[in-house]
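Next up, upload_6.txt (compact mmCIF, C-alpha atoms):
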# COMPACT_ATOMS: atom_id res chain seq x y z
CA MET A 1 126.20 -84.79 -16.49
CA ILE A 2 124.36 -86.05 -13.46
CA PRO A 3 123.35 -89.72 -13.64
CA ALA A 4 119.66 -90.54 -14.13
CA ALA A 5 117.68 -91.22 -10.97
CA VAL A 6 118.47 -94.64 -9.57
CA GLY A 7 117.59 -96.77 -6.55
CA TYR A 8 120.27 -97.90 -4.13
CA VAL A 9 120.76 -100.78 -1.74
CA ARG A 10 123.83 -101.97 0.10
CA ALA A 11 124.86 -105.60 0.09
CA ASP A 12 127.63 -106.26 2.55
CA SER A 13 128.25 -109.86 1.50
CA ALA A 14 128.15 -111.90 -1.70
CA GLN A 15 125.00 -113.67 -0.43
CA ALA A 16 123.25 -110.37 0.20
CA ALA A 17 124.22 -109.19 -3.28
CA VAL A 18 122.86 -112.38 -4.88
CA ALA A 19 119.58 -111.87 -3.00
CA ALA A 20 119.36 -108.22 -4.09
CA LEU A 21 120.05 -109.12 -7.72
CA GLY A 22 117.40 -111.83 -7.53
CA GLU A 23 114.91 -109.30 -6.22
CA HIS A 24 115.64 -106.49 -8.68
CA GLY A 25 116.41 -108.48 -11.83
CA ASP A 26 118.38 -107.38 -14.84
CA GLU A 27 117.67 -103.66 -14.34
CA ALA A 28 120.00 -103.79 -11.33
CA LYS A 29 123.76 -103.27 -11.55
CA LEU A 30 126.42 -104.16 -9.03
CA LEU A 31 128.46 -101.17 -7.88
CA ALA A 32 131.97 -101.89 -6.59
CA GLY A 33 134.55 -99.11 -7.16
CA GLY A 34 132.39 -97.53 -9.83
CA GLN A 35 135.31 -96.43 -12.03
CA SER A 36 133.70 -97.88 -15.17
CA LEU A 37 130.02 -97.78 -14.19
CA ILE A 38 129.78 -94.20 -12.86
CA PRO A 39 131.26 -92.58 -16.02
CA LEU A 40 128.82 -94.64 -18.11
CA MET A 41 125.95 -93.51 -15.88
CA ARG A 42 127.09 -89.88 -16.14
CA LEU A 43 127.06 -90.13 -19.93
CA ARG A 44 123.73 -91.98 -19.60
CA LEU A 45 125.08 -94.85 -21.63
CA ALA A 46 124.09 -96.96 -18.62
CA ARG A 47 120.75 -96.33 -16.89
CA PRO A 48 120.27 -99.02 -14.25
CA SER A 49 117.13 -98.71 -12.13
CA MET A 50 118.87 -100.08 -9.03
CA LEU A 51 122.45 -100.05 -7.76
CA VAL A 52 123.51 -102.89 -5.49
CA ASP A 53 126.56 -101.50 -3.68
CA VAL A 54 128.97 -104.28 -2.70
CA GLY A 55 131.76 -101.84 -1.85
CA ARG A 56 131.59 -102.68 1.86
CA ALA A 57 131.65 -106.48 1.47
CA ASP A 58 135.04 -106.78 3.14
CA ASP A 59 135.13 -110.57 2.90
CA LEU A 60 135.60 -110.11 -0.86
CA ARG A 61 138.85 -108.19 -0.40
CA GLY A 62 142.38 -109.53 -0.08
CA ILE A 63 145.21 -111.53 -1.60
CA SER A 64 146.27 -114.97 -0.35
CA ILE A 65 148.85 -117.39 -1.67
CA ASP A 66 148.50 -121.11 -1.04
CA GLY A 67 151.08 -123.36 -2.64
CA ASP A 68 151.07 -122.59 -6.35
CA ALA A 69 147.76 -120.70 -6.39
CA VAL A 70 147.10 -117.00 -5.81
CA SER A 71 143.54 -116.19 -4.68
CA ILE A 72 142.34 -112.62 -4.93
CA GLY A 73 139.03 -111.26 -3.67
CA ALA A 74 136.97 -109.51 -6.33
CA LEU A 75 136.91 -106.22 -4.39
CA THR A 76 140.69 -105.94 -4.16
CA SER A 77 141.68 -102.58 -5.63
CA HIS A 78 144.18 -102.11 -8.44
CA SER A 79 146.26 -100.11 -5.98
CA ASP A 80 146.32 -103.01 -3.50
CA LEU A 81 147.39 -105.39 -6.28
CA GLU A 82 150.12 -102.98 -7.39
CA HIS A 83 151.57 -102.55 -3.90
CA SER A 84 151.22 -106.12 -2.60
CA ALA A 85 154.75 -107.42 -1.97
CA ASP A 86 153.32 -110.96 -1.94
CA LEU A 87 151.74 -110.50 -5.37
CA VAL A 88 154.82 -108.79 -6.81
CA ALA A 89 156.82 -111.88 -5.76
CA ALA A 90 154.28 -114.54 -6.77
CA CYS A 91 152.74 -113.05 -9.90
CA PRO A 92 154.64 -109.96 -11.06
CA LEU A 93 152.70 -109.71 -14.34
CA LEU A 94 149.39 -109.15 -12.55
CA ALA A 95 150.86 -106.62 -10.10
CA HIS A 96 152.49 -104.70 -12.95
CA VAL A 97 149.38 -104.68 -15.13
CA ALA A 98 147.37 -103.35 -12.17
CA SER A 99 149.85 -100.45 -11.94
CA GLN A 100 149.13 -99.57 -15.59
CA VAL A 101 145.37 -99.09 -15.18
CA GLY A 102 144.12 -95.50 -15.53
CA ASP A 103 145.79 -93.20 -13.01
CA PRO A 104 146.43 -93.43 -9.24
CA ALA A 105 143.00 -92.03 -8.27
CA VAL A 106 141.27 -94.61 -10.48
CA ARG A 107 143.46 -97.38 -9.06
CA HIS A 108 142.53 -96.47 -5.48
CA ARG A 109 138.83 -97.05 -6.20
CA GLY A 110 138.72 -99.53 -9.10
CA THR A 111 138.56 -103.25 -8.32
CA LEU A 112 139.86 -106.40 -10.02
CA GLY A 113 136.42 -108.01 -9.99
CA GLY A 114 134.78 -104.89 -11.36
CA SER A 115 137.26 -104.66 -14.21
CA LEU A 116 136.77 -108.32 -15.15
CA ALA A 117 132.97 -108.26 -14.86
CA HIS A 118 132.83 -105.08 -16.97
CA ALA A 119 134.45 -107.22 -19.72
CA ASP A 120 135.84 -104.31 -21.71
CA PRO A 121 138.12 -105.61 -24.49
CA ALA A 122 140.26 -102.46 -24.05
CA SER A 123 140.91 -103.07 -20.33
CA ASP A 124 144.27 -104.18 -19.02
CA LEU A 125 143.45 -106.66 -16.25
CA PRO A 126 141.30 -109.11 -18.26
CA ALA A 127 144.29 -109.66 -20.57
CA ALA A 128 146.58 -110.40 -17.63
CA VAL A 129 144.16 -112.93 -16.14
CA LEU A 130 143.71 -114.55 -19.58
CA ALA A 131 147.46 -114.83 -20.23
CA LEU A 132 147.91 -116.37 -16.77
CA GLY A 133 145.20 -118.97 -17.43
CA GLY A 134 143.20 -117.73 -14.45
CA THR A 135 139.92 -118.98 -13.05
CA LEU A 136 137.01 -116.80 -11.94
CA VAL A 137 134.75 -117.74 -9.03
CA ALA A 138 131.10 -116.68 -9.06
CA THR A 139 128.28 -117.11 -6.57
CA GLY A 140 124.60 -117.21 -7.53
CA SER A 141 121.31 -118.51 -6.24
CA GLY A 142 122.38 -122.04 -7.23
CA GLY A 143 125.67 -121.86 -5.33
CA SER A 144 129.23 -121.20 -6.42
CA ARG A 145 130.94 -122.17 -9.64
CA GLU A 146 134.27 -121.69 -11.32
CA ILE A 147 134.64 -120.25 -14.81
CA ALA A 148 137.89 -120.46 -16.79
CA ALA A 149 139.00 -117.01 -17.92
CA THR A 150 138.97 -118.32 -21.50
CA ASP A 151 135.20 -118.98 -21.16
CA PHE A 152 134.34 -115.83 -19.23
CA PHE A 153 134.35 -113.10 -21.88
CA THR A 154 131.43 -113.76 -24.21
CA GLY A 155 130.94 -110.47 -26.07
CA PHE A 156 131.51 -106.70 -25.97
CA LEU A 157 130.95 -105.77 -22.29
CA GLU A 158 129.35 -109.20 -21.81
CA SER A 159 130.47 -112.02 -19.57
CA ALA A 160 129.36 -115.53 -18.65
CA LEU A 161 127.89 -114.24 -15.36
CA ALA A 162 124.16 -114.90 -14.95
CA VAL A 163 121.84 -112.04 -13.97
CA ASP A 164 121.91 -112.99 -10.29
CA GLU A 165 125.56 -114.05 -10.12
CA VAL A 166 128.29 -112.14 -8.31
CA LEU A 167 131.96 -112.48 -9.18
CA THR A 168 133.58 -113.14 -5.81
CA GLY A 169 137.18 -113.90 -6.63
CA VAL A 170 139.90 -114.76 -9.08
CA ARG A 171 142.54 -117.47 -8.92
CA VAL A 172 145.76 -117.34 -10.92
CA PRO A 173 148.75 -119.66 -10.71
CA VAL A 174 151.97 -118.50 -9.11
CA SER A 175 153.83 -117.31 -12.21
CA THR A 176 157.40 -116.09 -12.01
CA GLY A 177 158.59 -117.07 -15.51
CA GLY A 178 159.36 -114.43 -18.12
CA TRP A 179 156.57 -111.91 -18.49
CA SER A 180 155.79 -108.60 -20.15
CA TYR A 181 152.93 -106.19 -20.68
CA GLN A 182 153.13 -103.85 -23.66
CA LYS A 183 150.49 -101.14 -23.68
CA PHE A 184 150.36 -98.60 -26.48
CA ASN A 185 148.36 -95.41 -26.20
CA ARG A 186 148.86 -91.84 -27.30
CA ARG A 187 147.16 -89.98 -24.45
CA ALA A 188 148.11 -90.15 -20.80
CA GLN A 189 145.78 -92.40 -18.72
CA ASP A 190 143.95 -93.63 -21.84
CA TRP A 191 142.92 -97.18 -22.62
CA ALA A 192 145.32 -99.22 -24.74
CA ILE A 193 144.92 -98.79 -28.50
CA VAL A 194 146.46 -102.27 -28.48
CA GLY A 195 148.03 -104.18 -25.61
CA VAL A 196 149.82 -107.51 -25.30
CA ALA A 197 150.34 -109.55 -22.14
CA VAL A 198 152.82 -112.43 -22.02
CA ALA A 199 153.17 -114.93 -19.17
CA GLU A 200 155.65 -117.75 -18.60
CA GLY A 201 157.97 -116.91 -21.48
CA GLY A 202 155.20 -117.03 -24.06
CA ALA A 203 153.18 -120.02 -22.82
CA GLY A 204 150.33 -117.57 -22.20
CA VAL A 205 149.73 -114.63 -24.55
CA SER A 206 146.70 -112.36 -24.68
CA LEU A 207 145.63 -109.28 -26.60
CA VAL A 208 143.90 -106.05 -25.59
CA ASN A 209 141.52 -104.20 -27.92
CA MET A 210 141.92 -106.60 -30.86
CA GLY A 211 138.30 -107.80 -30.95
CA SER A 212 134.97 -107.54 -29.17
CA THR A 213 136.42 -109.39 -26.16
CA PRO A 214 139.85 -109.71 -24.55
CA LEU A 215 141.53 -112.41 -26.64
CA ARG A 216 143.94 -115.24 -26.01
CA ALA A 217 146.52 -115.36 -28.81
CA SER A 218 146.45 -119.13 -29.30
CA ALA A 219 148.41 -119.04 -32.57
CA VAL A 220 151.27 -117.16 -30.92
CA GLU A 221 151.28 -119.56 -27.96
CA ALA A 222 151.40 -122.55 -30.36
CA ALA A 223 154.25 -120.99 -32.33
CA VAL A 224 156.26 -120.39 -29.16
CA ALA A 225 155.55 -123.93 -27.99
CA GLY A 226 156.74 -125.20 -31.38
CA GLY A 227 160.08 -123.43 -30.96
CA ALA A 228 159.48 -120.33 -33.10
CA GLY A 229 161.52 -117.22 -32.31
CA ALA A 230 159.88 -114.00 -31.15
CA ALA A 231 159.66 -112.47 -34.65
CA ASP A 232 158.11 -115.58 -36.24
CA ALA A 233 155.67 -116.10 -33.37
CA ALA A 234 154.64 -112.42 -33.44
CA ALA A 235 153.92 -112.69 -37.17
CA VAL A 236 150.80 -114.77 -36.41
CA ALA A 237 149.48 -112.42 -33.68
CA VAL A 238 146.68 -111.27 -35.98
CA ASP A 239 145.24 -114.79 -36.33
CA GLY A 240 141.74 -115.01 -34.90
CA THR A 241 141.43 -111.29 -34.18
CA GLU A 242 138.81 -108.83 -35.38
CA PRO A 243 140.29 -105.44 -34.53
CA PRO A 244 137.87 -102.55 -34.10
CA SER A 245 137.95 -99.24 -35.92
CA ASP A 246 137.66 -96.06 -33.84
CA ASN A 247 139.06 -92.53 -33.54
CA ASN A 248 142.43 -93.89 -32.48
CA ALA A 249 143.13 -96.47 -35.15
CA ASP A 250 141.72 -98.49 -38.02
CA PRO A 251 142.02 -102.29 -38.17
CA ALA A 252 145.13 -102.26 -40.38
CA TYR A 253 146.96 -100.00 -37.91
CA ARG A 254 146.01 -102.28 -35.03
CA GLU A 255 147.15 -105.36 -37.00
CA HIS A 256 150.54 -103.75 -37.50
CA LEU A 257 150.70 -102.66 -33.88
CA VAL A 258 149.83 -106.06 -32.45
CA ARG A 259 152.69 -107.72 -34.35
CA VAL A 260 155.18 -105.10 -33.14
CA LEU A 261 153.98 -105.22 -29.53
CA THR A 262 153.82 -109.03 -29.46
CA GLU A 263 157.41 -109.28 -30.64
CA ARG A 264 158.53 -106.75 -28.02
CA ALA A 265 156.61 -108.57 -25.30
CA LEU A 266 158.02 -111.96 -26.27
CA VAL A 267 161.56 -110.61 -26.35
CA ALA A 268 161.08 -108.94 -22.95
CA ALA A 269 159.67 -112.21 -21.58
CA GLY A 270 162.67 -114.13 -22.87
CA ALA A 271 160.80 -116.22 -25.44
CA MET B 1 119.22 -91.35 1.73
CA GLU B 2 121.03 -89.88 4.72
CA VAL B 3 124.81 -89.87 4.51
CA SER B 4 127.30 -88.89 7.15
CA VAL B 5 130.78 -87.99 5.92
CA THR B 6 133.68 -86.61 7.92
CA VAL B 7 134.79 -83.71 5.74
CA ASN B 8 137.95 -81.86 6.74
CA GLY B 9 137.61 -83.28 10.24
CA GLU B 10 133.98 -82.34 10.77
CA VAL B 11 131.07 -84.78 10.54
CA ARG B 12 128.64 -83.52 7.90
CA THR B 13 125.25 -85.13 7.43
CA ALA B 14 122.84 -84.61 4.54
CA ASP B 15 119.95 -86.26 2.80
CA VAL B 16 121.04 -87.02 -0.77
CA GLU B 17 119.68 -88.81 -3.81
CA PRO B 18 121.64 -91.99 -4.58
CA ARG B 19 122.74 -90.47 -7.88
CA THR B 20 124.40 -87.48 -6.19
CA LEU B 21 128.08 -87.37 -7.05
CA LEU B 22 130.51 -86.73 -4.19
CA ALA B 23 131.68 -83.61 -6.06
CA HIS B 24 128.14 -82.18 -6.05
CA PHE B 25 127.64 -83.12 -2.40
CA LEU B 26 130.81 -81.20 -1.48
CA ARG B 27 130.02 -78.19 -3.63
CA ASP B 28 126.24 -77.88 -3.45
CA ASP B 29 125.31 -79.38 -0.08
CA LEU B 30 128.39 -78.30 1.89
CA GLY B 31 129.39 -75.17 -0.05
CA LEU B 32 132.98 -76.38 -0.46
CA THR B 33 133.51 -74.97 -3.94
CA GLY B 34 137.29 -75.38 -3.92
CA THR B 35 136.70 -78.77 -5.51
CA ASN B 36 136.25 -77.98 -9.21
CA ILE B 37 134.50 -80.01 -11.87
CA GLY B 38 136.16 -79.90 -15.28
CA CYS B 39 134.91 -82.84 -17.32
CA ASP B 40 132.31 -85.58 -17.62
CA THR B 41 134.62 -88.48 -18.14
CA SER B 42 136.96 -88.92 -15.13
CA SER B 43 139.72 -87.49 -17.30
CA CYS B 44 140.73 -84.10 -15.91
CA GLY B 45 141.22 -84.64 -12.18
CA ALA B 46 140.07 -81.11 -11.19
CA CYS B 47 137.69 -82.70 -8.67
CA THR B 48 140.34 -84.83 -6.92
CA VAL B 49 139.94 -85.10 -3.14
CA LEU B 50 141.33 -87.49 -0.53
CA VAL B 51 139.04 -90.31 0.58
CA ASN B 52 140.46 -92.05 3.63
CA GLY B 53 143.80 -90.49 2.78
CA ARG B 54 144.05 -91.53 -0.86
CA SER B 55 143.23 -89.54 -4.00
CA ALA B 56 139.85 -90.14 -5.61
CA LYS B 57 137.98 -88.33 -8.36
CA SER B 58 134.93 -86.97 -6.58
CA CYS B 59 133.01 -86.85 -9.89
CA THR B 60 133.45 -90.62 -10.18
CA MET B 61 132.17 -91.52 -6.76
CA LEU B 62 128.67 -91.28 -5.36
CA ALA B 63 128.07 -89.46 -2.10
CA VAL B 64 126.44 -92.64 -0.76
CA GLN B 65 129.74 -94.47 -1.35
CA ALA B 66 131.49 -91.93 0.88
CA ASP B 67 129.06 -92.51 3.76
CA GLY B 68 131.22 -93.10 6.85
CA ALA B 69 134.44 -92.11 5.09
CA GLU B 70 136.92 -89.34 5.83
CA VAL B 71 137.18 -86.83 3.01
CA THR B 72 139.75 -84.06 2.73
CA THR B 73 139.24 -81.23 0.25
CA ILE B 74 141.57 -78.37 -0.63
CA GLU B 75 139.84 -76.28 2.06
CA GLY B 76 140.97 -78.75 4.71
CA LEU B 77 144.59 -79.07 3.69
CA ALA B 78 146.16 -76.05 5.39
CA GLY B 79 146.88 -76.49 9.09
CA GLU B 80 146.96 -74.08 12.01
CA ASN B 81 150.47 -73.08 11.02
CA GLY B 82 149.54 -72.05 7.51
CA LEU B 83 149.69 -73.69 4.12
CA HIS B 84 150.38 -77.39 3.63
CA PRO B 85 153.95 -77.98 2.33
CA MET B 86 152.49 -78.97 -1.07
CA GLN B 87 150.52 -75.71 -1.26
CA GLU B 88 153.65 -73.83 -0.21
CA ALA B 89 155.67 -75.56 -2.94
CA PHE B 90 153.06 -74.73 -5.61
CA HIS B 91 153.23 -71.12 -4.46
CA GLU B 92 157.04 -70.98 -4.37
CA CYS B 93 157.50 -72.71 -7.75
CA HIS B 94 154.69 -70.78 -9.46
CA ALA B 95 153.04 -74.09 -10.34
CA LEU B 96 149.80 -72.54 -11.55
CA GLN B 97 148.48 -69.95 -13.93
CA CYS B 98 144.68 -69.84 -14.14
CA GLY B 99 144.39 -72.05 -11.07
CA TYR B 100 141.41 -74.13 -12.17
CA CYS B 101 143.24 -77.46 -12.00
CA THR B 102 145.20 -76.48 -8.90
CA PRO B 103 142.98 -77.84 -6.08
CA GLY B 104 142.80 -81.26 -7.76
CA MET B 105 146.46 -81.14 -8.73
CA VAL B 106 147.51 -80.38 -5.15
CA MET B 107 145.31 -83.12 -3.66
CA ALA B 108 146.56 -85.68 -6.22
CA ALA B 109 150.16 -84.63 -5.49
CA VAL B 110 149.71 -84.99 -1.72
CA SER B 111 148.40 -88.53 -2.24
CA LEU B 112 151.12 -89.36 -4.78
CA VAL B 113 154.00 -88.33 -2.54
CA ASP B 114 152.48 -90.30 0.33
CA GLU B 115 151.94 -93.42 -1.80
CA TYR B 116 155.20 -93.64 -3.75
CA SER B 117 158.62 -93.27 -2.18
CA ASP B 118 161.67 -92.35 -4.29
CA LEU B 119 159.67 -90.34 -6.83
CA ASP B 120 161.73 -88.82 -9.62
CA ALA B 121 160.49 -86.27 -12.15
CA ASP B 122 159.28 -89.01 -14.53
CA GLY B 123 157.43 -90.68 -11.69
CA VAL B 124 155.72 -87.39 -10.82
CA ARG B 125 154.65 -86.90 -14.43
CA GLU B 126 153.29 -90.42 -14.62
CA GLY B 127 151.66 -90.17 -11.22
CA LEU B 128 149.83 -86.99 -12.21
CA GLU B 129 148.65 -88.36 -15.55
CA GLY B 130 145.07 -88.19 -14.32
CA ASN B 131 145.24 -84.42 -13.76
CA LEU B 132 145.17 -82.09 -16.73
CA CYS B 133 146.56 -78.55 -16.75
CA ARG B 134 146.04 -76.48 -19.89
CA CYS B 135 148.21 -73.51 -18.84
CA THR B 136 151.55 -74.42 -17.36
CA GLY B 137 152.96 -77.16 -19.53
CA TYR B 138 153.48 -78.99 -16.22
CA GLN B 139 157.13 -77.92 -15.78
CA ASN B 140 156.59 -75.97 -12.60
CA ILE B 141 154.04 -78.43 -11.26
CA VAL B 142 156.64 -81.20 -11.46
CA LYS B 143 159.18 -78.88 -9.82
CA ALA B 144 156.76 -78.12 -7.00
CA VAL B 145 155.92 -81.76 -6.32
CA MET B 146 159.60 -82.68 -6.34
CA ALA B 147 160.34 -79.81 -3.95
CA ALA B 148 157.53 -80.82 -1.59
CA SER B 149 158.58 -84.48 -1.64
CA GLU B 150 162.09 -83.67 -0.40

So, in terms of structure tokens, how does the structure I just supplied come out?
Amino acid sequence: MIPAAVGYVRADSAQAAVAALGEHGDEAKLLAGGQSLIPLMRLRLARPSMLVDVGRADDLRGISIDGDAVSIGALTSHSDLEHSADLVAACPLLAHVASQVGDPAVRHRGTLGGSLAHADPASDLPAAVLALGGTLVATGSGGSREIAATDFFTGFLESALAVDEVLTGVRVPVSTGGWSYQKFNRRAQDWAIVGVAVAEGGAGVSLVNMGSTPLRASAVEAAVAGGAGAADAAAVAVDGTEPPSDNNADPAYREHLVRVLTERALVAAGA
Amino acid sequence: MEVSVTVNGEVRTADVEPRTLLAHFLRDDLGLTGTNIGCDTSSCGACTVLVNGRSAKSCTMLAVQADGAEVTTIEGLAGENGLHPMQEAFHECHALQCGYCTPGMVMAAVSLVDEYSDLDADGVREGLEGNLCRCTGYQNIVKAVMAASE
């Protein structure tokens, strides 16, 4: 289908985007790569009255590494994450997870910031940033602030961003300890039915599509920290989850799957 | 809104609604109907074109986003000396039956071979996961992409 009629303005900097959002209010949507928003608009599940296109805000693009921190601009594409030799060396989990999003055409257009701000519990990149203990940086009319990834995802497709705030970047620690991303789906290029991301040998563990938000698997992390083996730690992967029911799987299937995938991920990460 | 897009090497300007998809701009405004539309959900890849040299699904991009960009469609792939090597390989390997997915498949394959070195058959299958073909079973498509990448 063709999207419903919509207004359009370009904002070529974060400040310009904040101003446009302030002017147009909560009927406006930021457009970055559009790989989540445009399909929703085509299905008319999203009907914004105004698009604020930040796709040309080049100061929001790029990857830099300073000491033990990796800073990534919100507009950096999945493809750029996947192919960045610096990121592959400093944070291989994030580069690998970026390579598992959708298909190459989606990865050329889709952005890290867009994926995080969309806050889809079935998306890959939010789980990676959660497992890494990342920090999100947002700019609004009151200035900039930092939001821990653990506080960012507040509900299904809902984040801690205010109506006039723009996600400008993401910071994750350099992380070269044992890692793994296990993504299970039955159709090519589909979202994960369940996914598990593990960073630093099990110090950070997060779950995809096991609730209304991307989830940190605190019980698994605590078990690993307490010396549990992969099988015992994976046994508590269901704790604190509320798996959805859909055409792909019912909650019981997902509960089984998350234990299996968590054990595989922990073993692969050397836990 | 007026957009100016370099399509197959030629600057094309048109007045479009912001909601106009790049696929509709190419087909309806420019008459380049080689770019097919097969689905509503970014799943099938029939509409794949190159935007600044990299594959993109033209049904999942607005024409206004392509303003100032270079777009290559299947019509722009062949050179003065005939078919592009990827087109030639699809022809030689009989990598199509009904042909509906073929323009998108060829454009995705051109981008894939350019982006990933050392592709093996598994890599080609994975790299083309965003392009659906309901006729061939993919065997000859993979053969063609492997042949063209050598």

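Taking only C-alpha atoms, the non-local environment of Val51 (chain B) within 10 Å (same-chain residues fewer than 5 positions away omitted) comprises Ala105, His108 and Arg109 of chain A; Thr6, Val7, Ala56, Lys57, Ser58, Ala66, Ala69, Glu70, Val71, Thr72, Thr73 and Ser111 of chain B.
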
Open item on the list: Measuring between all atoms listed in the file, which one of A:Asn247, A:Thr154, A:Ser99, A:Ser123 shows the shortest distance to chain B?
Closed with: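 That would be A:Ser99, the residue with the smallest distance to chain B.
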
Open item on the list: I want to know what sits within 8 Å of Ala197 (chain A), based on only C-alpha atoms, with residues of the same chain fewer than 4 positions away left out; could you give that as a list in words?
Closed with: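 Final neighbour list, sorted by chain and number: Ala127, Ala128, Ala131, Trp179, Ser180, Tyr181, Gln182, Val205, Ser206, Leu207 and Ala265 of chain A.
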
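Distance annotation: of B:Gly127, B:Gly76, B:Gly137, B:Gly31, the residue with the minimal separation from chain A is B:Gly127; atom set is only C-alpha atoms.
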
Open item on the list: Please check the contacts: residues of chain A at most 10 Å away from chain B, using all atoms listed in the file, listed as a ChimeraX atom specification.
Closed with: /A:1-10,31-43,50-51,53-56,79,83,102-109,187-190

TODO: For Gly22 (chain A), please output as a PyMOL selection string all residues within 8 Å (counting only C-alpha atoms; exclusion window: fewer than 5 positions along the same chain).
DONE: chain A and resi 141+163-164

Open item on the list: Under the rule that only C-alpha atoms are counted, which of B:Val16, B:Val3, B:Ile141, B:Cys133 is the nearest residue to Tyr100 (chain B)?
Closed with: B:Cys133

Task: Å distance separating CA of Cys98 (chain B) from CA of Arg134 (chain B), one decimal place - done: 8.9 Å

Task: Between CA of Phe152 (chain A) and CA of Pro121 (chain A), distance in Å (one decimal) - done: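 Separating CA of Phe152 (chain A) from CA of Pro121 (chain A) is a distance of 12.1 Å.
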
TODO: For region 61-72 of chain A, work out the shell of residues within 12 Å, counting only C-alpha atoms and skipping chain neighbours fewer than 4 positions away, then give it as a count of residues only.
DONE: 47

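The interatomic distance for the pair CA of Pro214 (chain A) and CA of Leu130 (chain A) works out to 7.9 Å.
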
Open item on the list: Nearest residue to Gln100 (chain A) out of A:Val260, A:Ala119, A:Ala11, A:Leu125, using all atoms listed in the file?
Closed with: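 When distances to Gln100 (chain A) are compared using all atoms listed in the file, the smallest one comes from A:Leu125.
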